[in-house]
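Content type CSV, C-alpha atoms, from the file protein_16.csv:
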```
chain,number,residue,atom,x,y,z
A,235,MET,CA,132.9,18.1,111.8
A,236,THR,CA,132.7,19.4,115.4
A,237,LYS,CA,136.2,18.3,116.3
A,238,LEU,CA,137.5,19.8,113.0
A,239,LEU,CA,136.0,23.2,113.6
A,240,LEU,CA,137.2,23.3,117.2
A,241,LYS,CA,140.7,22.3,116.1
A,242,LEU,CA,140.8,25.0,113.4
A,243,PHE,CA,139.4,27.9,115.4
A,244,ILE,CA,139.9,27.2,119.1
A,245,LYS,CA,143.4,26.8,120.6
A,246,GLY,CA,143.6,24.8,123.9
A,247,ASP,CA,140.7,23.9,126.2
A,248,ILE,CA,137.4,25.4,125.0
A,249,ALA,CA,136.4,25.9,128.6
A,250,GLU,CA,139.3,28.3,129.2
A,251,LYS,CA,138.1,31.8,130.0
A,252,ARG,CA,140.2,33.3,127.1
A,253,ASN,CA,138.4,31.1,124.6
A,254,ARG,CA,134.9,32.3,125.6
A,255,GLU,CA,134.5,35.0,122.9
A,256,LYS,CA,136.0,32.7,120.3
A,257,CYS,CA,133.5,29.9,121.1
A,258,GLY,CA,130.6,32.3,121.0
A,259,THR,CA,131.8,33.8,117.7
A,260,LEU,CA,132.3,30.3,116.2
A,261,GLY,CA,128.9,29.1,117.3
A,262,SER,CA,127.3,32.3,115.9
A,263,PHE,CA,129.0,32.1,112.5
A,264,VAL,CA,128.1,28.4,112.1
A,265,GLY,CA,124.5,29.3,112.9
A,266,ILE,CA,124.4,32.2,110.4
A,267,LEU,CA,125.9,30.1,107.5
A,268,SER,CA,123.9,26.9,108.2
A,269,ASN,CA,120.6,28.7,108.7
A,270,LEU,CA,121.1,30.8,105.5
A,271,LEU,CA,121.7,27.7,103.5
A,272,LEU,CA,118.7,25.9,105.0
A,273,PHE,CA,116.4,29.0,104.4
A,274,ILE,CA,117.4,29.1,100.7
A,275,ILE,CA,116.9,25.4,99.9
A,276,LYS,CA,113.7,25.1,102.0
A,277,LEU,CA,112.2,28.2,100.4
A,278,ILE,CA,112.9,26.8,96.9
A,279,ALA,CA,111.4,23.5,98.0
A,280,GLY,CA,108.4,25.2,99.5
A,281,ILE,CA,107.7,27.3,96.4
A,282,ILE,CA,108.1,24.3,94.0
A,283,SER,CA,105.8,22.2,96.0
A,284,GLY,CA,103.4,24.9,97.1
A,285,SER,CA,103.7,23.8,100.8
A,286,VAL,CA,103.0,26.5,103.4
A,287,ALA,CA,104.4,24.2,106.0
A,288,ILE,CA,107.8,24.0,104.2
A,289,ILE,CA,107.8,27.8,103.6
A,290,ALA,CA,107.0,28.3,107.4
A,291,ASP,CA,109.9,26.0,108.2
A,292,ALA,CA,112.1,28.0,105.9
A,293,PHE,CA,111.3,31.3,107.6
A,294,ASN,CA,111.9,29.7,110.9
A,295,ASN,CA,115.5,29.1,109.7
A,296,LEU,CA,115.7,32.7,108.6
A,297,SER,CA,114.7,33.8,112.1
A,298,ASP,CA,117.4,31.5,113.4
A,299,MET,CA,120.0,33.2,111.2
A,300,GLY,CA,118.9,36.6,112.6
A,301,SER,CA,119.1,35.1,116.1
A,302,SER,CA,122.7,34.0,115.4
A,303,ILE,CA,123.6,37.5,114.3
A,304,VAL,CA,122.1,38.9,117.5
A,305,THR,CA,124.0,36.3,119.6
A,306,LEU,CA,127.3,37.2,117.8
A,307,LEU,CA,126.8,40.9,118.6
A,308,GLY,CA,125.9,39.9,122.2
A,309,PHE,CA,129.2,38.0,122.6
A,310,LYS,CA,131.2,40.9,121.1
A,311,ILE,CA,129.7,43.4,123.5
A,312,ALA,CA,129.8,41.1,126.5
A,313,SER,CA,133.5,40.5,126.0
A,314,LYS,CA,134.3,44.2,126.2
A,315,PRO,CA,136.4,45.0,129.3
A,316,ALA,CA,135.1,47.0,132.3
A,317,ASP,CA,135.1,50.8,131.9
A,318,PRO,CA,134.3,53.7,134.3
A,319,GLU,CA,130.5,53.5,133.4
A,320,HIS,CA,130.4,49.7,133.7
A,321,PRO,CA,132.9,48.7,136.4
A,322,PHE,CA,131.6,45.1,136.5
A,323,GLY,CA,132.0,44.6,132.7
A,324,HIS,CA,129.4,44.0,130.0
A,325,GLY,CA,128.7,40.3,130.6
A,326,ARG,CA,124.9,40.8,131.1
A,327,MET,CA,124.7,41.7,127.4
A,328,GLU,CA,124.9,38.0,126.7
A,329,TYR,CA,121.6,37.6,128.6
A,330,LEU,CA,120.0,40.5,126.7
A,331,SER,CA,121.1,39.0,123.3
A,332,ALA,CA,119.6,35.6,124.3
A,333,ALA,CA,116.4,37.4,125.3
A,334,THR,CA,116.3,39.2,121.9
A,335,VAL,CA,116.7,35.9,120.1
A,336,SER,CA,113.7,34.5,122.0
A,337,VAL,CA,111.6,37.5,121.1
A,338,LEU,CA,112.5,37.1,117.4
A,339,ILE,CA,111.5,33.5,117.6
A,340,ILE,CA,108.1,34.4,119.1
A,341,ILE,CA,107.4,37.1,116.5
A,342,VAL,CA,108.2,34.7,113.6
A,343,GLY,CA,106.0,32.0,115.2
A,344,ILE,CA,103.1,34.3,115.5
A,345,GLU,CA,103.4,35.4,111.8
A,346,LEU,CA,103.6,31.8,110.7
A,347,VAL,CA,100.4,30.9,112.7
A,348,THR,CA,98.6,33.7,110.8
A,349,SER,CA,99.8,32.7,107.4
A,350,SER,CA,99.0,29.0,108.0
A,351,ALA,CA,95.5,29.8,109.3
A,352,GLU,CA,94.8,31.7,106.1
A,353,LYS,CA,95.9,28.7,104.1
A,354,LEU,CA,93.6,26.5,106.2
A,355,ALA,CA,90.7,28.6,105.1
A,356,SER,CA,91.3,27.7,101.5
A,357,PRO,CA,93.5,24.6,101.4
A,358,THR,CA,95.2,23.2,98.4
A,359,LEU,CA,97.1,20.0,98.1
A,360,PRO,CA,100.9,20.7,97.9
A,361,GLU,CA,102.8,19.0,95.1
A,362,ALA,CA,105.2,16.9,97.1
A,363,LYS,CA,108.3,16.0,95.2
A,364,ALA,CA,111.2,13.7,96.0
A,365,ILE,CA,113.6,16.7,96.0
A,366,SER,CA,111.6,18.4,98.7
A,367,ILE,CA,111.6,15.3,100.9
A,368,ALA,CA,115.4,14.9,100.4
A,369,ILE,CA,115.9,18.6,101.4
A,370,LEU,CA,113.9,18.1,104.6
A,371,ILE,CA,115.8,15.0,105.5
A,372,VAL,CA,119.2,16.8,105.0
A,373,SER,CA,117.8,19.8,107.0
A,374,ILE,CA,117.0,17.6,110.0
A,375,LEU,CA,120.5,16.1,110.0
A,376,ILE,CA,122.1,19.5,109.8
A,377,LYS,CA,119.9,20.9,112.6
A,378,LEU,CA,120.6,17.8,114.8
A,379,TRP,CA,124.3,18.4,114.4
A,380,MET,CA,123.9,22.1,115.1
A,381,SER,CA,122.0,21.3,118.3
A,382,LEU,CA,124.8,19.0,119.5
A,383,PHE,CA,127.5,21.5,118.4
A,384,ASN,CA,125.9,24.5,120.3
A,385,ARG,CA,125.2,22.3,123.3
A,386,LYS,CA,128.9,21.3,123.5
A,387,LEU,CA,130.0,25.0,123.2
A,388,GLY,CA,127.3,26.3,125.5
A,389,LYS,CA,128.1,23.9,128.4
A,390,ALA,CA,131.8,24.4,128.0
A,391,ILE,CA,131.6,28.2,128.4
A,392,ASP,CA,128.3,28.3,130.5
A,393,SER,CA,126.5,30.4,127.8
A,394,SER,CA,122.7,30.7,128.1
A,395,ALA,CA,122.7,32.1,124.5
A,396,LEU,CA,124.3,29.1,122.9
A,397,LEU,CA,122.3,26.7,125.1
A,398,ALA,CA,119.1,28.5,123.9
A,399,THR,CA,120.3,28.1,120.3
A,400,SER,CA,120.9,24.4,120.9
A,401,ILE,CA,117.4,23.9,122.2
A,402,ASP,CA,116.0,25.8,119.3
A,403,SER,CA,117.9,23.6,116.8
A,404,LEU,CA,116.5,20.5,118.5
A,405,ASN,CA,113.0,22.0,118.3
A,406,ASP,CA,113.6,22.6,114.6
A,407,CYS,CA,114.4,18.9,114.1
A,408,ILE,CA,111.0,18.1,115.5
A,409,SER,CA,109.1,20.7,113.5
A,410,THR,CA,110.8,19.8,110.3
A,411,GLY,CA,110.1,16.1,111.0
A,412,ALA,CA,106.4,17.0,111.1
A,413,VAL,CA,106.7,18.8,107.8
A,414,LEU,CA,108.5,15.8,106.3
A,415,ALA,CA,105.7,13.5,107.5
A,416,VAL,CA,103.2,15.7,105.7
A,417,SER,CA,105.3,15.8,102.5
A,418,VAL,CA,105.5,12.0,102.5
A,419,ILE,CA,101.8,11.6,103.1
A,420,SER,CA,101.0,14.1,100.4
A,421,LEU,CA,103.2,12.2,97.9
A,422,PHE,CA,101.7,8.8,98.5
A,423,PHE,CA,98.1,9.5,99.7
A,424,LYS,CA,97.0,12.6,97.8
A,425,GLU,CA,93.8,10.9,96.7
A,426,ILE,CA,92.5,11.0,100.3
A,427,ALA,CA,90.3,14.2,100.8
A,428,PHE,CA,91.6,15.3,104.2
A,429,VAL,CA,95.3,15.2,103.1
A,430,LYS,CA,95.0,18.7,101.7
A,431,TYR,CA,94.3,20.0,105.2
A,432,LEU,CA,97.4,18.5,106.7
A,433,ASP,CA,99.8,21.0,105.3
A,434,PRO,CA,98.2,24.2,106.9
A,435,VAL,CA,97.4,22.3,110.1
A,436,VAL,CA,101.0,21.2,110.5
A,437,GLY,CA,102.1,24.7,109.5
A,438,ILE,CA,100.0,26.0,112.5
A,439,ALA,CA,101.4,23.3,114.7
A,440,VAL,CA,105.0,24.1,113.7
A,441,ALA,CA,104.4,27.8,114.3
A,442,ALA,CA,102.8,27.2,117.7
A,443,PHE,CA,105.7,25.0,118.6
A,444,ILE,CA,108.0,27.9,117.7
A,445,VAL,CA,106.1,30.3,119.9
A,446,VAL,CA,106.1,28.0,122.9
A,447,ALA,CA,109.8,27.4,122.6
A,448,GLY,CA,110.5,31.1,122.3
A,449,VAL,CA,108.4,31.9,125.4
A,450,LYS,CA,110.3,29.2,127.4
A,451,SER,CA,113.6,30.4,126.2
A,452,LEU,CA,112.7,34.0,127.0
A,453,LYS,CA,111.9,33.1,130.6
A,454,GLU,CA,115.1,31.2,131.0
A,455,THR,CA,117.2,34.1,129.7
A,456,LEU,CA,115.3,36.8,131.7
A,457,ASP,CA,115.6,34.9,135.0
A,458,PRO,CA,119.3,35.9,135.6
A,459,LEU,CA,118.5,39.6,134.8
A,460,ILE,CA,115.6,39.6,137.3
A,461,GLY,CA,117.7,38.0,140.0
A,462,LEU,CA,118.0,34.2,140.0
A,463,ALA,CA,118.9,32.2,143.1
A,464,PRO,CA,122.6,31.1,142.9
A,465,ASP,CA,123.6,27.6,141.8
A,466,PRO,CA,123.2,25.4,144.9
A,467,GLU,CA,126.4,23.5,144.1
A,468,VAL,CA,128.4,26.7,143.9
A,469,VAL,CA,127.0,27.9,147.2
A,470,LYS,CA,127.7,24.6,148.9
A,471,GLU,CA,131.3,24.6,147.6
A,472,ILE,CA,131.8,28.2,148.9
A,473,GLN,CA,130.4,27.1,152.3
A,474,ASN,CA,132.7,24.1,152.4
A,475,ILE,CA,135.8,26.2,151.5
A,476,VAL,CA,135.0,28.7,154.3
A,477,MET,CA,134.1,26.2,156.9
A,478,ALA,CA,137.4,24.3,156.3
A,479,ASN,CA,139.0,27.0,158.4
A,480,GLU,CA,139.2,25.9,162.1
A,481,ASN,CA,138.6,29.4,163.5
A,482,PHE,CA,135.4,29.9,161.5
A,483,LEU,CA,132.3,28.9,163.4
A,484,GLY,CA,129.5,29.8,161.0
A,485,ILE,CA,128.4,31.6,157.9
A,486,HIS,CA,125.5,34.1,157.4
A,487,ASP,CA,124.4,37.0,155.2
A,488,MET,CA,125.7,35.3,152.0
A,489,ILE,CA,124.8,37.3,148.9
A,490,VAL,CA,125.8,36.2,145.3
A,491,HIS,CA,125.7,38.8,142.6
A,492,ASN,CA,125.8,37.8,138.9
A,493,TYR,CA,127.1,40.2,136.3
A,494,GLY,CA,127.1,37.7,133.4
A,495,PRO,CA,128.5,34.2,132.7
A,496,GLY,CA,131.8,33.8,134.5
A,497,ARG,CA,131.4,37.1,136.4
A,498,SER,CA,130.0,36.5,139.9
A,499,PHE,CA,130.7,38.0,143.3
A,500,VAL,CA,129.9,36.8,146.7
A,501,SER,CA,129.8,38.6,150.0
A,502,LEU,CA,129.4,36.8,153.3
A,503,HIS,CA,129.9,37.1,157.1
A,504,VAL,CA,131.8,34.5,159.1
A,505,GLU,CA,131.5,34.1,162.8
A,506,VAL,CA,134.8,33.7,164.8
A,507,PRO,CA,135.6,33.5,168.5
A,508,TYR,CA,135.8,36.9,170.1
A,509,ASP,CA,139.2,36.1,171.6
A,510,VAL,CA,140.9,34.9,168.4
A,511,ASP,CA,144.1,36.6,167.2
A,512,ILE,CA,142.9,39.3,164.8
A,513,LEU,CA,145.9,39.3,162.6
A,514,GLU,CA,145.8,35.5,162.2
A,515,CYS,CA,142.1,35.6,161.5
A,516,HIS,CA,142.6,38.3,158.9
A,517,GLU,CA,145.2,36.3,157.1
A,518,GLN,CA,142.8,33.2,157.1
A,519,ILE,CA,140.1,35.4,155.6
A,520,ASP,CA,142.4,36.6,152.8
A,521,ARG,CA,143.5,33.1,152.0
A,522,CYS,CA,139.9,31.9,152.0
A,523,GLU,CA,138.9,34.7,149.5
A,524,ARG,CA,141.7,33.5,147.2
A,525,ASP,CA,140.7,29.9,147.5
A,526,ILE,CA,137.1,30.7,146.6
A,527,PHE,CA,138.2,32.5,143.5
A,528,GLU,CA,140.6,29.8,142.4
A,529,LYS,CA,138.1,27.0,142.9
A,530,THR,CA,134.8,28.6,141.9
A,531,ASN,CA,135.9,31.6,139.8
A,532,VAL,CA,133.7,33.7,142.1
A,533,GLU,CA,135.2,36.9,143.7
A,534,ALA,CA,134.6,36.9,147.4
A,535,VAL,CA,134.4,39.6,150.1
A,536,ILE,CA,134.3,38.2,153.7
A,537,HIS,CA,133.3,40.1,156.8
A,538,MET,CA,134.3,38.9,160.2
A,539,ASP,CA,131.8,38.8,163.1
A,540,PRO,CA,133.3,38.0,166.6
A,541,ILE,CA,131.0,36.1,168.9
A,542,VAL,CA,131.2,35.0,172.6
A,543,THR,CA,131.7,31.3,172.9
A,544,ASP,CA,132.6,30.7,176.5
A,545,ASP,CA,129.7,32.4,178.4
A,546,GLU,CA,127.3,29.8,179.8
A,547,ASP,CA,124.4,32.2,180.1
A,548,VAL,CA,124.8,33.3,176.4
A,549,ASN,CA,125.1,29.7,175.2
A,550,PHE,CA,122.1,28.6,177.2
A,551,ALA,CA,119.9,31.4,175.8
A,552,LYS,CA,121.1,30.9,172.2
A,553,GLU,CA,120.7,27.1,172.2
A,554,ASN,CA,117.2,27.1,173.7
A,555,LEU,CA,116.0,30.0,171.5
A,556,LEU,CA,117.3,28.3,168.4
A,557,ILE,CA,115.2,25.2,169.3
A,558,LYS,CA,112.1,27.5,169.6
A,559,LEU,CA,112.9,29.0,166.2
A,560,LYS,CA,112.9,25.6,164.5
A,561,GLU,CA,109.3,25.1,165.8
A,562,ILE,CA,108.2,28.1,163.7
A,563,ASP,CA,110.1,27.0,160.6
A,564,GLU,CA,113.0,24.6,160.1
A,565,ARG,CA,114.6,27.0,157.6
A,566,ILE,CA,115.0,30.0,159.9
A,567,THR,CA,118.5,30.6,161.1
A,568,MET,CA,120.0,32.9,163.8
A,569,HIS,CA,123.3,34.8,163.9
A,570,ASP,CA,125.1,37.7,165.6
A,571,PHE,CA,123.8,36.6,168.9
A,572,ARG,CA,124.7,38.8,171.9
A,573,MET,CA,123.5,39.2,175.5
A,574,VAL,CA,123.5,42.5,177.4
A,575,LYS,CA,123.0,41.5,181.1
A,576,GLY,CA,121.1,43.8,183.4
A,577,THR,CA,119.7,43.6,187.0
A,578,ASN,CA,116.1,42.8,186.1
A,579,GLN,CA,116.3,42.3,182.4
A,580,ASN,CA,118.7,40.5,180.0
A,581,ASN,CA,118.6,41.9,176.4
A,582,LEU,CA,119.1,39.3,173.7
A,583,ILE,CA,120.3,41.0,170.5
A,584,PHE,CA,120.4,38.9,167.3
A,585,ASP,CA,119.4,38.6,163.7
A,586,VAL,CA,117.2,35.9,162.2
A,587,CYS,CA,117.3,35.0,158.5
A,588,ILE,CA,114.0,34.0,157.0
A,589,PRO,CA,113.1,32.2,153.8
A,590,ALA,CA,110.9,33.7,151.1
A,591,GLY,CA,107.2,33.0,151.6
A,592,LEU,CA,107.3,32.6,155.4
A,593,HIS,CA,103.7,32.5,156.8
A,594,LEU,CA,104.5,35.2,159.3
A,595,SER,CA,105.3,38.8,158.6
A,596,PRO,CA,108.5,40.2,160.2
A,597,SER,CA,106.5,42.0,162.9
A,598,GLN,CA,104.5,38.8,163.7
A,599,LEU,CA,107.7,36.8,163.8
A,600,LYS,CA,109.4,39.2,166.2
A,601,GLN,CA,106.4,39.0,168.5
A,602,ALA,CA,106.4,35.2,168.4
A,603,ILE,CA,110.1,34.9,169.1
A,604,SER,CA,109.9,37.4,172.0
A,605,ALA,CA,107.0,35.4,173.6
A,606,MET,CA,109.1,32.2,173.2
A,607,ALA,CA,112.1,33.9,174.8
A,608,LYS,CA,109.9,34.8,177.8
A,609,ASP,CA,108.9,31.2,178.1
A,610,ILE,CA,112.6,30.3,178.4
A,611,ASP,CA,113.4,33.0,180.9
A,612,LYS,CA,111.1,35.9,182.0
A,613,THR,CA,114.1,38.2,182.1
A,614,TYR,CA,114.8,37.9,178.4
A,615,ALA,CA,113.9,40.8,176.2
A,616,CYS,CA,114.6,40.4,172.5
A,617,VAL,CA,116.0,43.0,170.0
A,618,ILE,CA,115.6,41.3,166.7
A,619,THR,CA,116.7,42.2,163.1
A,620,VAL,CA,115.0,40.2,160.4
A,621,ASP,CA,117.0,39.4,157.3
A,622,GLN,CA,115.8,37.8,154.1
A,623,ASP,CA,117.5,34.7,152.9
A,624,LEU,CA,119.1,35.6,149.5
A,625,ILE,CA,120.6,32.2,148.5
A,626,GLY,CA,117.4,30.2,148.3
A,627,ASN,CA,117.5,28.4,151.7
A,628,ILE,CA,120.6,26.4,150.8
A,629,ARG,CA,122.1,25.0,153.9
```
Show the structure stored in the file as structure tokens.
Amino acid sequence: MTKLLLKLFIKGDIAEKRNREKCGTLGSFVGILSNLLLFIIKLIAGIISGSVAIIADAFNNLSDMGSSIVTLLGFKIASKPADPEHPFGHGRMEYLSAATVSVLIIIVGIELVTSSAEKLASPTLPEAKAISIAILIVSILIKLWMSLFNRKLGKAIDSSALLATSIDSLNDCISTGAVLAVSVISLFFKEIAFVKYLDPVVGIAVAAFIVVAGVKSLKETLDPLIGLAPDPEVVKEIQNIVMANENFLGIHDMIVHNYGPGRSFVSLHVEVPYDVDILECHEQIDRCERDIFEKTNVEAVIHMDPIVTDDEDVNFAKENLLIKLKEIDERITMHDFRMVKGTNQNNLIFDVCIPAGLHLSPSQLKQAISAMAKDIDKTYACVITVDQDLIGNIR
């Protein structure tokens, strides 16, 4: 079924950028139609059997249908081109649609907890029938296929919305499985007294499961909007592309901005020898920016920082101070190192990049480094700029 749908609606490789909206639209329509069908047949089964657990599961499918509609709208808006008010496009709308889906899941879960708790107060034995059991089995199979289908699409186009839908479908398989177990027990063991409590108890469990899944999904979709650390593999690949250039000595001040799936920008500084041919270096930087985009689909802006490489005094101060920095924290890095020599004092001017959660404040760190510099040479006076590491200490 998956191959047939992809063949009918997607031309070429589904991972191609031009197919992104088509994949999102296809996944959303499949979700809308499948969940509508499941809602109708489960609601009928729940009413016939009088099972609050089956009815809760039916409304879970109805919320999934609403989620698919929201996801569809999110893809449509996210695919809109950039405009004067939104120069980076509308890609983050996909995150917002995924967050909306998660909120809807949580609301439905809370409502189902309430209704199941009311049934627990005055339990009645549901009239389990073979048709209800058959419907639940079919439902599990459909949801399992939907999970695999959305996972395939979500991974191909890197869509948090479709991946969240995939996880939700898998959760539905588990919750429906629990409802199925209750129906089977009610059918064959209805003489046992406690069996009448199983239906509302499982209804509460299913509803709680829905709430937990919704909260987890909400966190995962809000993280990119708050400002998630970039993918370490992408950062490493960018670093490798840059450092493949023989004139580039180091990288610092890397910042990755995310404006939605497939829409990322990176800015970084590269250190080059101060006596390098400027025109040649500029050409290398341009080529490097193109290589980064072609290989990672991340648009890059690279700033050039010339540094002195053949001054023994500068190299001595830098190497020894770097050793001292590692004694404070292995993750601290140093860049833009310069020395202004004087008669009685040598000013060391540099930046240090610190990880989040460092045990020293910036002012304490400056004092510690200045004291260490004095231990190396009493003529050293430090002028330090403290930067925050914005790529998650990936080295």
For the interface of range 255-352 of chain A with range 458-472 of chain A (cut-off 12 Å, counting all atoms listed in the file), please tabulate each contacting residue of range 255-352 of chain A alongside its nearest pair of atoms and their separation in Å to one decimal, rows sorted by chain and increasing number, as a Markdown table.
```
| residue | atom | partner | partner_atom | distance |
| --- | --- | --- | --- | --- |
| A:Gly325 | CA | A:Leu459 | CA | 11.1 |
| A:Arg326 | CA | A:Leu459 | CA | 7.5 |
| A:Met327 | CA | A:Leu459 | CA | 9.9 |
| A:Glu328 | CA | A:Leu459 | CA | 10.4 |
| A:Tyr329 | CA | A:Leu459 | CA | 7.2 |
| A:Leu330 | CA | A:Leu459 | CA | 8.3 |
| A:Ser331 | CA | A:Leu459 | CA | 11.8 |
| A:Ala332 | CA | A:Leu459 | CA | 11.3 |
| A:Ala333 | CA | A:Leu459 | CA | 10.0 |
```
Using only C-alpha atoms, determine which residues lie at most 7 Å from Pro507 in chain A, disregarding the query and same-chain residues fewer than 5 positions distant; provide the list as a count of residues only.
4
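Taking CA of Val446 in chain A and CA of Ile401 in chain A as endpoints, the distance between them is 12.0 Å.
Nearest residue to Leu456 in chain A among A:Ser381, A:Ser498, A:Thr334, A:Ala551 is A:Thr334, counting all atoms listed in the file.
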Calculate how many Å separate CA of Phe550 in chain A from CA of Ile603 in chain A, rounding to one decimal.
15.8 Å
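Residue nearest Ile344 in chain A within the list A:Met477, A:Val436, A:Asn294, A:Val548: A:Asn294 [criterion: smallest interatomic distance, all atoms listed in the file].
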List as a VMD selection string the residues having at least one atom at most 9 Å from position (96.1, 18.3, 105.3) as given in the file, counting all atoms listed in the file.
chain A and resid 354 357 to 359 416 420 427 to 436
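Omitting range 373-380 of chain A and its sequence neighbours fewer than 6 positions away, and counting all atoms listed in the file, the residues within 10 Å are A:Met235, A:Thr236, A:Gly261, A:Val264, A:Gly265, A:Ser268, A:Asn269, A:Leu271, A:Leu272, A:Phe273, A:Ile275, A:Lys276, A:Asn295, A:Ile367, A:Lys386, A:Thr399, A:Ser400, A:Ile401, A:Asp402, A:Ser403, A:Leu404, A:Asn405, A:Asp406, A:Cys407, A:Ile408, A:Ser409, A:Thr410, A:Gly411, A:Leu414.
When only C-alpha atoms are used to compute distances to Asp539 in chain A, the closest of the residues A:Ile365, A:Leu559, A:Ile566, A:Val510 turns out to be A:Val510.
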From the coordinates I just gave you, please extract range 396-402 of chain A so that only all heavy atoms remain, then output it as a short mmCIF file (atom, residue, chain, number, x, y, z; two decimals), in the first residue's frame.
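So part_14.cif came out as:
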```
data_model
loop_
_atom_site.label_atom_id
_atom_site.label_comp_id
_atom_site.auth_asym_id
_atom_site.auth_seq_id
_atom_site.Cartn_x
_atom_site.Cartn_y
_atom_site.Cartn_z
N LEU A 396 5.26 14.93 10.86
CA LEU A 396 4.95 13.56 10.43
C LEU A 396 5.55 12.53 11.38
O LEU A 396 4.95 11.48 11.63
CB LEU A 396 5.46 13.33 9.00
CG LEU A 396 4.68 14.05 7.90
CD1 LEU A 396 5.31 13.76 6.54
CD2 LEU A 396 3.21 13.63 7.89
N LEU A 397 6.74 12.81 11.91
CA LEU A 397 7.34 11.88 12.87
C LEU A 397 6.52 11.84 14.16
O LEU A 397 6.37 10.77 14.77
CB LEU A 397 8.79 12.29 13.17
CG LEU A 397 9.78 12.07 12.02
CD1 LEU A 397 11.15 12.64 12.38
CD2 LEU A 397 9.90 10.58 11.70
N ALA A 398 5.97 13.00 14.57
CA ALA A 398 5.09 13.03 15.75
C ALA A 398 3.82 12.23 15.49
O ALA A 398 3.33 11.51 16.36
CB ALA A 398 4.74 14.48 16.10
N THR A 399 3.29 12.32 14.27
CA THR A 399 2.11 11.55 13.90
C THR A 399 2.41 10.06 13.90
O THR A 399 1.58 9.24 14.31
CB THR A 399 1.62 11.97 12.50
OG1 THR A 399 1.32 13.37 12.51
CG2 THR A 399 0.37 11.21 12.10
N SER A 400 3.63 9.69 13.45
CA SER A 400 4.04 8.29 13.45
C SER A 400 4.08 7.73 14.86
O SER A 400 3.57 6.62 15.12
CB SER A 400 5.42 8.15 12.80
OG SER A 400 5.92 6.84 12.94
N ILE A 401 4.65 8.49 15.77
CA ILE A 401 4.72 8.05 17.17
C ILE A 401 3.32 7.93 17.77
O ILE A 401 3.01 6.98 18.50
CB ILE A 401 5.58 9.03 17.99
CG1 ILE A 401 7.04 8.97 17.50
CG2 ILE A 401 5.51 8.71 19.48
CD1 ILE A 401 7.92 10.05 18.10
N ASP A 402 2.46 8.90 17.45
CA ASP A 402 1.09 8.87 17.97
C ASP A 402 0.34 7.64 17.46
O ASP A 402 -0.41 7.00 18.21
CB ASP A 402 0.36 10.15 17.54
CG ASP A 402 -1.04 10.23 18.14
OD1 ASP A 402 -1.17 10.00 19.35
OD2 ASP A 402 -1.98 10.51 17.38
#
```
